[in-house]
Amino acid sequence: MMKEKNASSEDYFILLGFSNWPHLELVLFVVILMFYLMTLIGNLFIIILSYLDSHLHTPMYFFLSNLSFLDLCYTTSSIPQLLVNLWGPEKNISYVGCMIQLYFVLALGTAERVLLVVMSYDRYAAVCRPLHYTVLMHPRFCHLLAVASWVSGFTTSALHSSFTSWVPLCGHRQVDHFFCEVPALLRLSCVDTRANELTLMVLSSIFVIIPLILILSSYGAIAHAVLRMQSTAGLRKVFGSCGAHLLVVSLFFIPVMCIYLQPPTRGSQDQGKFIALFYTVVTPSLNPLIYTLRNKDIKGAVKRLMGWEREM
């Protein structure tokens with residue numbers, strides 16, 4: 001038994017992914033590759049544009065650039081490995097590679113949830129405290145909030161991934177998912193994992209429910225302030241910036257809640273793969289479109305960068 005445990009921890013895992021649907025693997029490869037390229041191009045576009053155009057050197061676009069970089073890192077932590085597995089017959093990942101992937105997926109996912117809270121606070125300050133906005137969202141404070149988002153994600157992940165890596169594994173090495181995640185790895189254990197499952201539930205509640213409550217509270221205050229507005233132009237501007245952020249929050253939080261806050265069942269494992277595919281592949285590719293479409297600041301920045309504004 002100890003030999004089996006040691007072999008499983010020192011050798012490799014088999015990521016089953018979508019092996020139950022072999023006829024879908026080629027289609028999934030093409031679709032996921034397209035979304036991944038959209039994610040790379042769209043998020044790099046936002047990062048570069050926000051850096052080059054001085055008009056976008058504001059807290060909102062500073063945090064948006066951080067979100068874009070997070071999305072780039074988050075998708076890259078799992079999607080290239082998934083594409084390799086979908087393309088070829090080999091679906092192996094080394095034990096070390098699996099633990100590294102687990103660490104970064106947890107860290108970046110947690111950091112993104114905290115950053116979305118920070119972005120909702122920025123919108124709250126802009127709408128509800130406009131006269132104090134420059135004081136509340138001082139550049140140094142914005143950098144501090146961004147750093148706090150990243151640090152909270154990587155610190156939490158260090159604890160959680162360490163607890164998971166300490167769980168002794170049996171000889172069975174087939175991970176029933178397309179990337180290394182905690183619930184799938186815990187199912188390989190040959191000891192009682194109720195303590196780990198409780199830790200997962202507690203951390204999921206802290207970094208899913210609490211951020212969601214804070215975000216909804218911010219937008220509740222924004223909605224109250226919007227109802228008192230008299231300017232139609234002001235209303236459109238608020239709905240334009242806040243509506244995009246709310247849509248991004250919904251696309252990220254709803255799938256995560258469906259996976260981590262529901263009781264595990266055999267049917268939910270397969271369902272969870274497709275839900276996870278949505279928030280790891282589709283959501284990061286849609287974020288740039290949501291934030292840039294019908295965004296006058298972005299359009300103006302593109303015109304200035306291309307020199308069209310002068311010609312007009």
# chains A, B, ... in the order shown; residues from 1 in each chain; ligands from 1
>>> residues_around(residues="A:Arg187", least_positions_apart="3", cutoff="10 Å", atoms="only C-alpha atoms", output="PyMOL selection string")
chain A and resi 169-170+172+174-176+182-184+190-191+193
>>> select_by_dssp(residues="stretch 36-224 of chain A", states="helix (DSSP H, G or I)", output="PyMOL selection string")
chain A and resi 36-52+54-56+59-76+79-87+95-128+130-136+139-165+182-186+194-224
>>> residues_around(residues="stretch 37-42 of chain A", least_positions_apart="2", cutoff="7 Å", atoms="only C-alpha atoms", output="number ranges by chain")
A: 33-35, 44-46, 72, 284-285, 288
>>> write_last_selection(atoms="C-alpha atoms", output="PDB file, in the first residue's frame")
ATOM      1  CA  LEU A  33      -8.368  27.243 -28.794  1.00  0.00           C
ATOM      2  CA  MET A  34     -10.468  30.003 -30.363  1.00  0.00           C
ATOM      3  CA  PHE A  35     -11.641  31.269 -26.973  1.00  0.00           C
ATOM      4  CA  LEU A  44      -3.459  42.139 -23.918  1.00  0.00           C
ATOM      5  CA  PHE A  45      -5.271  44.855 -25.880  1.00  0.00           C
ATOM      6  CA  ILE A  46      -6.746  46.316 -22.662  1.00  0.00           C
ATOM      7  CA  LEU A  72      -4.431  35.910 -18.821  1.00  0.00           C
ATOM      8  CA  PRO A 284     -12.073  35.515 -19.491  1.00  0.00           C
ATOM      9  CA  SER A 285     -12.591  35.880 -23.252  1.00  0.00           C
ATOM     10  CA  PRO A 288     -12.615  42.435 -22.723  1.00  0.00           C
TER      11      PRO A 288
END
>>> closest_residue(among="A:Ala195, A:Leu106, A:Cys242, A:Leu188", to="A:Leu159", atoms="only C-alpha atoms")
A:Leu106
>>> closest_residue(among="A:Arg113, A:His177, A:Val249, A:Val226", to="A:Gln269", atoms="only C-alpha atoms")
A:His177
>>> residues_around(residues="A:Lys91", least_positions_apart="6", cutoff="10 Å", atoms="only C-alpha atoms", output="MDAnalysis selection string")
chainID A and resid 13:17 19 81:82 84:85 174 178
>>> write_last_selection(atoms="all heavy atoms", output="CSV table (one decimal), in the first residue's frame")
chain,number,residue,atom,x,y,z
A,13,PHE,N,-0.2,12.0,-12.8
A,13,PHE,CA,-1.7,11.8,-12.7
A,13,PHE,C,-2.2,11.7,-14.2
A,13,PHE,O,-1.5,12.2,-15.1
A,13,PHE,CB,-2.4,13.0,-12.0
A,13,PHE,CG,-2.1,13.1,-10.6
A,13,PHE,CD1,-1.4,14.1,-10.0
A,13,PHE,CD2,-2.7,12.1,-9.7
A,13,PHE,CE1,-1.1,14.2,-8.7
A,13,PHE,CE2,-2.4,12.2,-8.3
A,13,PHE,CZ,-1.7,13.2,-7.8
A,14,ILE,N,-3.4,11.1,-14.3
A,14,ILE,CA,-4.0,11.1,-15.6
A,14,ILE,C,-5.3,12.0,-15.5
A,14,ILE,O,-6.2,11.7,-14.7
A,14,ILE,CB,-4.5,9.7,-16.0
A,14,ILE,CG1,-3.2,8.7,-16.1
A,14,ILE,CG2,-5.2,9.7,-17.3
A,14,ILE,CD1,-3.6,7.3,-16.2
A,15,LEU,N,-5.3,13.1,-16.3
A,15,LEU,CA,-6.4,14.0,-16.3
A,15,LEU,C,-7.5,13.4,-17.3
A,15,LEU,O,-7.3,13.5,-18.5
A,15,LEU,CB,-6.0,15.4,-16.7
A,15,LEU,CG,-5.0,16.1,-15.7
A,15,LEU,CD1,-4.5,17.4,-16.4
A,15,LEU,CD2,-5.7,16.4,-14.4
A,16,LEU,N,-8.5,12.8,-16.7
A,16,LEU,CA,-9.5,12.2,-17.6
A,16,LEU,C,-10.2,13.2,-18.5
A,16,LEU,O,-10.6,13.0,-19.6
A,16,LEU,CB,-10.6,11.5,-16.7
A,16,LEU,CG,-10.0,10.3,-16.0
A,16,LEU,CD1,-11.1,9.6,-15.1
A,16,LEU,CD2,-9.4,9.2,-16.9
A,17,GLY,N,-10.5,14.4,-17.9
A,17,GLY,CA,-11.1,15.5,-18.7
A,17,GLY,C,-12.4,15.1,-19.3
A,17,GLY,O,-13.4,14.7,-18.6
A,19,SER,N,-12.8,12.5,-21.5
A,19,SER,CA,-12.6,11.2,-22.1
A,19,SER,C,-13.9,10.4,-22.3
A,19,SER,O,-14.0,9.5,-23.2
A,19,SER,CB,-11.6,10.4,-21.3
A,19,SER,OG,-10.4,11.1,-21.1
A,81,GLN,N,-2.5,23.0,-21.0
A,81,GLN,CA,-2.5,21.6,-20.6
A,81,GLN,C,-3.7,20.9,-21.2
A,81,GLN,O,-3.7,19.8,-21.7
A,81,GLN,CB,-2.4,21.4,-19.1
A,81,GLN,CG,-2.4,20.0,-18.6
A,81,GLN,CD,-1.1,19.3,-19.0
A,81,GLN,OE1,-0.1,19.8,-18.7
A,81,GLN,NE2,-1.3,18.0,-19.5
A,82,LEU,N,-4.9,21.5,-21.1
A,82,LEU,CA,-6.1,20.9,-21.6
A,82,LEU,C,-6.1,20.8,-23.1
A,82,LEU,O,-6.5,19.7,-23.6
A,82,LEU,CB,-7.3,21.9,-21.2
A,82,LEU,CG,-8.7,21.5,-21.8
A,82,LEU,CD1,-9.1,20.1,-21.4
A,82,LEU,CD2,-9.7,22.5,-21.4
A,84,VAL,N,-3.4,20.3,-24.9
A,84,VAL,CA,-2.5,19.2,-25.2
A,84,VAL,C,-3.2,17.9,-25.0
A,84,VAL,O,-3.1,16.9,-25.8
A,84,VAL,CB,-1.2,19.3,-24.3
A,84,VAL,CG1,-0.4,18.0,-24.4
A,84,VAL,CG2,-0.4,20.5,-24.7
A,85,ASN,N,-4.0,17.8,-23.9
A,85,ASN,CA,-4.7,16.5,-23.6
A,85,ASN,C,-5.8,16.2,-24.6
A,85,ASN,O,-6.0,15.0,-24.9
A,85,ASN,CB,-5.3,16.6,-22.2
A,85,ASN,CG,-4.2,16.6,-21.1
A,85,ASN,OD1,-3.1,16.3,-21.4
A,85,ASN,ND2,-4.6,16.9,-19.9
A,174,GLN,N,-6.2,8.5,-11.5
A,174,GLN,CA,-7.1,9.1,-12.5
A,174,GLN,C,-7.9,10.3,-11.9
A,174,GLN,O,-8.7,10.1,-11.1
A,174,GLN,CB,-8.0,8.1,-13.2
A,174,GLN,CG,-7.3,7.0,-13.9
A,174,GLN,CD,-8.2,6.0,-14.6
A,174,GLN,OE1,-9.4,5.9,-14.2
A,174,GLN,NE2,-7.8,5.3,-15.6
A,178,PHE,N,-10.5,18.2,-16.0
A,178,PHE,CA,-9.5,18.6,-17.0
A,178,PHE,C,-8.4,19.4,-16.4
A,178,PHE,O,-7.4,19.7,-17.2
A,178,PHE,CB,-10.2,19.3,-18.2
A,178,PHE,CG,-10.8,20.6,-17.8
A,178,PHE,CD1,-10.1,21.8,-17.8
A,178,PHE,CD2,-12.2,20.7,-17.6
A,178,PHE,CE1,-10.7,23.0,-17.5
A,178,PHE,CE2,-12.8,21.9,-17.2
A,178,PHE,CZ,-12.0,23.0,-17.2
>>> residues_around(residues="stretch 136-138 of chain A", least_positions_apart="4", cutoff="9 Å", atoms="only C-alpha atoms", output="PyMOL selection string")
chain A and resi 59+122+125-126+129+132+142-143
>>> select_by_dssp(residues="stretch 20-199 of chain A", states="strand (DSSP E)", output="list in words")
Asn92, Ile93, Ser94, Gln174 and Val175 of chain A
>>> closest_atom_pairs(of="stretch 33-53 of chain A", to="stretch 293-303 of chain A", cutoff="9 Å", atoms="only C-alpha atoms", output="CSV")
residue,atom,partner,partner_atom,distance
A:Ile46,CA,A:Ile298,CA,8.6
A:Leu49,CA,A:Ala301,CA,7.2
A:Ser50,CA,A:Ala301,CA,8.4
A:Leu52,CA,A:Ala301,CA,8.8
A:Asp53,CA,A:Ala301,CA,6.1
>>> residues_around(residues="A:Val151", least_positions_apart="6", cutoff="12 Å", atoms="only C-alpha atoms", output="PyMOL selection string")
chain A and resi 107-108+110-112+114-115+144-145+157-158
>>> atom_distance(atom1="atom CA of A:Met119", atom2="atom CA of A:Pro139")
13.9 Å
>>> closest_residue(among="A:Leu102, A:Leu86, A:Leu286, A:Val167", to="A:Val248", atoms="only C-alpha atoms")
A:Leu286
>>> closest_residue(among="A:Arg123, A:Phe63, A:Glu25, A:Thr155", to="A:Phe141", atoms="only C-alpha atoms")
A:Phe63
>>> atom_distance(atom1="atom CA of A:Thr134", atom2="atom CA of A:Val117")
18.8 Å
>>> closest_residue(among="A:Ser205, A:Asn43, A:Thr199, A:Asn66", to="A:Leu289", atoms="only C-alpha atoms")
A:Asn43
>>> residues_around(residues="A:Ala223", least_positions_apart="6", cutoff="10 Å", atoms="only C-alpha atoms", output="list in words")
Tyr124, Val127, Cys128, Ser217, Val238, Phe239 and Cys242 of chain A
>>> write_last_selection(atoms="all heavy atoms", output="CSV table (one decimal), in the first residue's frame")
chain,number,residue,atom,x,y,z
A,124,TYR,N,-18.5,52.4,-6.5
A,124,TYR,CA,-19.2,53.0,-5.4
A,124,TYR,C,-18.7,54.4,-5.1
A,124,TYR,O,-19.4,55.3,-4.9
A,124,TYR,CB,-19.2,52.1,-4.1
A,124,TYR,CG,-19.6,52.8,-2.9
A,124,TYR,CD1,-20.9,53.1,-2.5
A,124,TYR,CD2,-18.6,53.3,-2.0
A,124,TYR,CE1,-21.2,53.7,-1.4
A,124,TYR,CE2,-18.9,54.0,-0.8
A,124,TYR,CZ,-20.3,54.2,-0.5
A,124,TYR,OH,-20.6,54.9,0.6
A,127,VAL,N,-19.6,56.9,-7.9
A,127,VAL,CA,-21.0,57.3,-8.0
A,127,VAL,C,-21.5,58.0,-6.8
A,127,VAL,O,-22.2,59.0,-6.8
A,127,VAL,CB,-21.8,56.1,-8.4
A,127,VAL,CG1,-23.3,56.5,-8.4
A,127,VAL,CG2,-21.4,55.5,-9.7
A,128,CYS,N,-21.2,57.4,-5.6
A,128,CYS,CA,-21.8,57.8,-4.3
A,128,CYS,C,-21.0,58.9,-3.6
A,128,CYS,O,-21.5,59.7,-2.8
A,128,CYS,CB,-22.0,56.6,-3.4
A,128,CYS,SG,-23.1,55.4,-4.1
A,217,SER,N,-23.7,44.8,-1.9
A,217,SER,CA,-23.9,46.0,-1.0
A,217,SER,C,-23.4,47.3,-1.7
A,217,SER,O,-24.1,48.3,-1.7
A,217,SER,CB,-23.1,45.8,0.3
A,217,SER,OG,-23.5,44.6,0.9
A,238,VAL,N,-23.3,55.9,-15.7
A,238,VAL,CA,-23.3,55.0,-14.5
A,238,VAL,C,-23.6,53.6,-15.0
A,238,VAL,O,-23.0,52.6,-14.6
A,238,VAL,CB,-24.2,55.5,-13.4
A,238,VAL,CG1,-24.4,54.4,-12.3
A,238,VAL,CG2,-23.7,56.7,-12.8
A,239,PHE,N,-24.7,53.5,-15.7
A,239,PHE,CA,-25.2,52.2,-16.2
A,239,PHE,C,-24.1,51.5,-17.1
A,239,PHE,O,-24.0,50.3,-17.2
A,239,PHE,CB,-26.5,52.3,-16.9
A,239,PHE,CG,-27.7,52.4,-16.0
A,239,PHE,CD1,-28.5,53.4,-16.0
A,239,PHE,CD2,-27.9,51.4,-15.0
A,239,PHE,CE1,-29.6,53.5,-15.1
A,239,PHE,CE2,-29.0,51.4,-14.2
A,239,PHE,CZ,-29.8,52.5,-14.2
A,242,CYS,N,-21.0,50.5,-14.6
A,242,CYS,CA,-21.4,49.6,-13.5
A,242,CYS,C,-22.1,48.4,-14.1
A,242,CYS,O,-22.0,47.3,-13.6
A,242,CYS,CB,-22.4,50.3,-12.6
A,242,CYS,SG,-21.6,51.7,-11.7
